[in-house]
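Asks: One structure coming up, written as structure tokens, with questions to follow.
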Amino acid sequence: MVTGGAGFLGSHLADLLLERGHRVVVLDNLVTGNVDNLAHHAGNRQFRFIYQDVTEYLFLEGRVDYVWHFASPASPVDYLELPIQTLKVGSLGTHKALGLAKHKGARFLLASTSEVYGDPAVHPQTEDYWGHVNPIGPRGCYDEAKRFAEALAMAYHKEHGLETRIVRIFNTYGPRMRLRDGRVVPSFISQALKNRPITVFGDGRQTRSFCYYSDLIEGIYRLMLSESHLPVNIGNPTEKTMLELARAVITATGSRSRVVFRPLPQDDPKQRRPDITRARRLLDWEPRIPLEEGLRQTIAWLSTKNAI
Ligand code: UDP
């Protein structure tokens, strides 16, 4: 069972699970997901789609071995527009997904986020850092929902002995991100393809570390099969400033775009880079796809959408 399985990462996860011989049930209310991401599975008897909000009671017949809880808006632009739905899916939705896992005796994996570290005072971020989060700021709805979700998963593990896994996902990009997703990679690519100005927020010296989706999904799959209930960072530790990213996108697209500066949104983290020592040790995992290669693939995919 993959909640949010019609979204960017959920649908790539569903693909990988089917490829590896699992049967997959996707649950999605299509608030930010899109069935086009799953259209290639139409008619596949190993695959089923349920149109439902994960905050409502979940009923599934038959055996369920794994519950992957991926449902949530994840772009700052989306969760700014949908703060209550974001809080509900992280809290009530996580509760329902955990309840289903408990009822079925399934293993549960929570798609958590580097946002639990907020605007981090520790760099790079290790899993034992508790974070620096503004609960009432614009990102609070997402950050606190995911922090609550982690606490709930740990409580189900401790009280009910549920097998739980927590992945803290750092910035990820790739095909199936929506053109108007609002996150920086599709925004810059979309602007570059149209030779429009690239909108760098603030002075562009804030950093992120971008992981290609296929690396991330492989790490998460390994985490589900591992034996650790403690949070694990999955992401690419190669750190870039937003100005560096803008230049990389301009080069990769051969665009005539220039960079323009726009105000930095409130509480925008100044730096972010995962410490992936735990993932390396526990999962024998590290990312393989360099930014240039991932950007090429993403640009090729977004070009087809950009033409529309
Ligand atoms: N950003 C930017 N221009 C844009 C969109 C985003 O400079 O058009 C910046 C944003 O301020 C942040 C970084 O890019 O510093 C990453 O933003 P994103 O929305 O992708 O996710 P975040 O990592 O902030 O959750």
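Each chain in the structure tokens gets a letter, A, B, ..., in the order shown, and its residues are numbered from 1; ligands are numbered from 1 in order too.
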At a cut-off of 12 Å, using only C-alpha atoms, what residues contact Met177 in chain A? Leave out same-chain residues fewer than 6 positions from it and give the result as a ChimeraX atom specification.
Replies: /A:6-12,32-34,36-37,74-75,183-187,189-190,212-213,298-299,301-302,305
Asks: Show me, as a tab-separated table, the residues of chain A having an atom within 7 Å of ligand 1, each with the closest atom pair and its distance in Å, using only C-alpha atoms and all ligand atoms.
Replies:
residue	atom	partner	partner_atom_place_in_ligand_line	distance
A:Ser75	CA	ligand 1	19 (O)	5.9
A:Pro76	CA	ligand 1	19 (O)	5.4
A:Asn171	CA	ligand 1	23 (O)	5.8
A:Gly182	CA	ligand 1	19 (O)	6.0
A:Arg183	CA	ligand 1	20 (O)	3.4
A:Val184	CA	ligand 1	20 (O)	3.8
A:Val185	CA	ligand 1	20 (O)	6.3
A:Ser187	CA	ligand 1	8 (O)	5.2
A:Phe188	CA	ligand 1	8 (O)	6.2
A:Thr199	CA	ligand 1	8 (O)	4.8
A:Val200	CA	ligand 1	7 (O)	3.5
A:Phe201	CA	ligand 1	7 (O)	3.7
A:Gly202	CA	ligand 1	11 (O)	6.9
A:Gly204	CA	ligand 1	7 (O)	6.2
A:Gln206	CA	ligand 1	15 (O)	5.6
A:Thr207	CA	ligand 1	15 (O)	6.8
A:Arg208	CA	ligand 1	23 (O)	6.3
A:Met242	CA	ligand 1	7 (O)	5.8
A:Leu264	CA	ligand 1	11 (O)	5.7
A:Pro265	CA	ligand 1	11 (O)	6.1
A:Asp268	CA	ligand 1	15 (O)	5.7
A:Pro269	CA	ligand 1	15 (O)	6.4
A:Lys270	CA	ligand 1	15 (O)	6.9
Asks: Excluding range 38-48 of chain A and any residue of its chain fewer than 3 positions from it, enumerate the residues within 8 Å of it, using only C-alpha atoms, and give them as an NGL selection string.
Replies: :A and (6 or 11 or 18 or 22-26 or 34-35)
Asks: Create the file for the chosen residues now, containing C-alpha atoms and written as an mmCIF file, in the first residue's frame.
Replies:
data_model
loop_
_atom_site.group_PDB
_atom_site.id
_atom_site.type_symbol
_atom_site.label_atom_id
_atom_site.label_comp_id
_atom_site.auth_asym_id
_atom_site.auth_seq_id
_atom_site.Cartn_x
_atom_site.Cartn_y
_atom_site.Cartn_z
ATOM 1 C CA ALA A 6 0.003 9.202 -7.616
ATOM 2 C CA SER A 11 4.481 6.915 -8.251
ATOM 3 C CA LEU A 18 6.021 -3.539 -9.318
ATOM 4 C CA HIS A 22 5.369 -6.828 -5.446
ATOM 5 C CA ARG A 23 1.662 -6.195 -5.741
ATOM 6 C CA VAL A 24 0.822 -2.533 -5.247
ATOM 7 C CA VAL A 25 -2.243 -0.691 -4.018
ATOM 8 C CA VAL A 26 -2.058 3.072 -4.422
ATOM 9 C CA ASN A 34 -1.883 12.993 -10.833
ATOM 10 C CA VAL A 35 -3.162 9.708 -12.264
#
Asks: Name all residues at most 10 Å from range 53-58 of chain A (count only C-alpha atoms; drop same-chain ones fewer than 2 positions away) and give them as JSON, numbers by chain.
Replies: {"A": [3, 4, 27, 28, 29, 30, 31, 50, 51, 60, 69, 71, 72, 85, 88, 89, 90, 91, 92, 93, 94, 95, 96, 97, 99, 100]}
Asks: Can those selected residues be exported to a file as a tab-separated table (two decimals), in the first residue's frame so that it contains N, CA and C atoms?
Replies:
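The new file part.tsv reads:
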chain	number	residue	atom	x	y	z
A	3	THR	N	0.47	5.23	0.13
A	3	THR	CA	-0.39	6.42	0.18
A	3	THR	C	0.34	7.54	-0.57
A	4	GLY	N	-0.42	8.35	-1.27
A	4	GLY	CA	0.22	9.39	-2.08
A	4	GLY	C	0.93	8.80	-3.30
A	27	LEU	N	-3.14	4.59	-2.89
A	27	LEU	CA	-4.25	5.39	-2.38
A	27	LEU	C	-3.88	6.86	-2.55
A	28	ASP	N	-4.75	7.63	-3.17
A	28	ASP	CA	-4.43	9.04	-3.39
A	28	ASP	C	-5.73	9.83	-3.57
A	29	ASN	N	-5.77	11.05	-3.03
A	29	ASN	CA	-6.95	11.90	-3.26
A	29	ASN	C	-6.70	12.93	-4.36
A	30	LEU	N	-5.53	12.84	-4.99
A	30	LEU	CA	-5.18	13.65	-6.17
A	30	LEU	C	-5.18	15.15	-5.91
A	31	VAL	N	-4.93	15.54	-4.67
A	31	VAL	CA	-4.83	16.98	-4.38
A	31	VAL	C	-3.57	17.56	-5.04
A	50	ILE	N	-6.84	3.33	-5.60
A	50	ILE	CA	-8.03	3.72	-4.81
A	50	ILE	C	-8.01	5.24	-4.64
A	51	TYR	N	-9.11	5.85	-5.09
A	51	TYR	CA	-9.24	7.30	-4.97
A	51	TYR	C	-9.82	7.60	-3.59
A	60	LEU	N	-9.09	-2.24	3.64
A	60	LEU	CA	-8.47	-3.02	2.55
A	60	LEU	C	-8.66	-4.48	2.86
A	69	HIS	N	3.89	5.42	3.66
A	69	HIS	CA	3.04	6.61	3.83
A	69	HIS	C	3.71	7.84	3.19
A	71	ALA	N	1.75	10.21	1.34
A	71	ALA	CA	0.79	11.27	1.03
A	71	ALA	C	1.12	12.55	1.78
A	72	SER	N	1.25	13.63	1.06
A	72	SER	CA	1.36	14.99	1.62
A	72	SER	C	1.74	15.96	0.52
A	85	GLN	N	-4.94	20.96	5.17
A	85	GLN	CA	-4.82	19.61	4.59
A	85	GLN	C	-3.43	19.02	4.86
A	88	LYS	N	-3.45	17.89	8.38
A	88	LYS	CA	-4.31	16.71	8.56
A	88	LYS	C	-3.67	15.45	8.00
A	89	VAL	N	-3.06	15.55	6.83
A	89	VAL	CA	-2.49	14.32	6.26
A	89	VAL	C	-1.29	13.84	7.08
A	90	GLY	N	-0.54	14.79	7.65
A	90	GLY	CA	0.61	14.40	8.47
A	90	GLY	C	0.20	13.83	9.82
A	91	SER	N	-0.92	14.29	10.34
A	91	SER	CA	-1.35	13.82	11.67
A	91	SER	C	-2.42	12.72	11.53
A	92	LEU	N	-3.65	13.11	11.11
A	92	LEU	CA	-4.73	12.13	11.00
A	92	LEU	C	-4.41	11.05	9.96
A	93	GLY	N	-3.80	11.46	8.84
A	93	GLY	CA	-3.46	10.51	7.78
A	93	GLY	C	-2.42	9.50	8.25
A	94	THR	N	-1.44	9.99	8.99
A	94	THR	CA	-0.41	9.08	9.52
A	94	THR	C	-1.04	8.11	10.53
A	95	HIS	N	-1.99	8.63	11.32
A	95	HIS	CA	-2.69	7.79	12.29
A	95	HIS	C	-3.44	6.66	11.60
A	96	LYS	N	-4.16	7.00	10.52
A	96	LYS	CA	-4.92	5.98	9.77
A	96	LYS	C	-3.98	4.96	9.13
A	97	ALA	N	-2.90	5.46	8.53
A	97	ALA	CA	-1.96	4.56	7.85
A	97	ALA	C	-1.28	3.62	8.87
A	99	GLY	N	-2.65	2.75	11.72
A	99	GLY	CA	-3.73	1.86	12.17
A	99	GLY	C	-3.89	0.69	11.20
A	100	LEU	N	-3.83	0.98	9.92
A	100	LEU	CA	-3.93	-0.08	8.91
A	100	LEU	C	-2.76	-1.05	9.05
Asks: Could you jot down the CA of Ile169 in chain A to CA of Ala111 in chain A separation for me, Å, one decimal place?
Replies: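 Taking CA of Ile169 in chain A and CA of Ala111 in chain A, their separation equals 6.9 Å.
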Asks: Could you write out, as a PyMOL selection string, all the residues of range 39-119 of chain A that DSSP marks as strand (DSSP E)?
Replies: chain A and resi 47-51+66-69+107-113
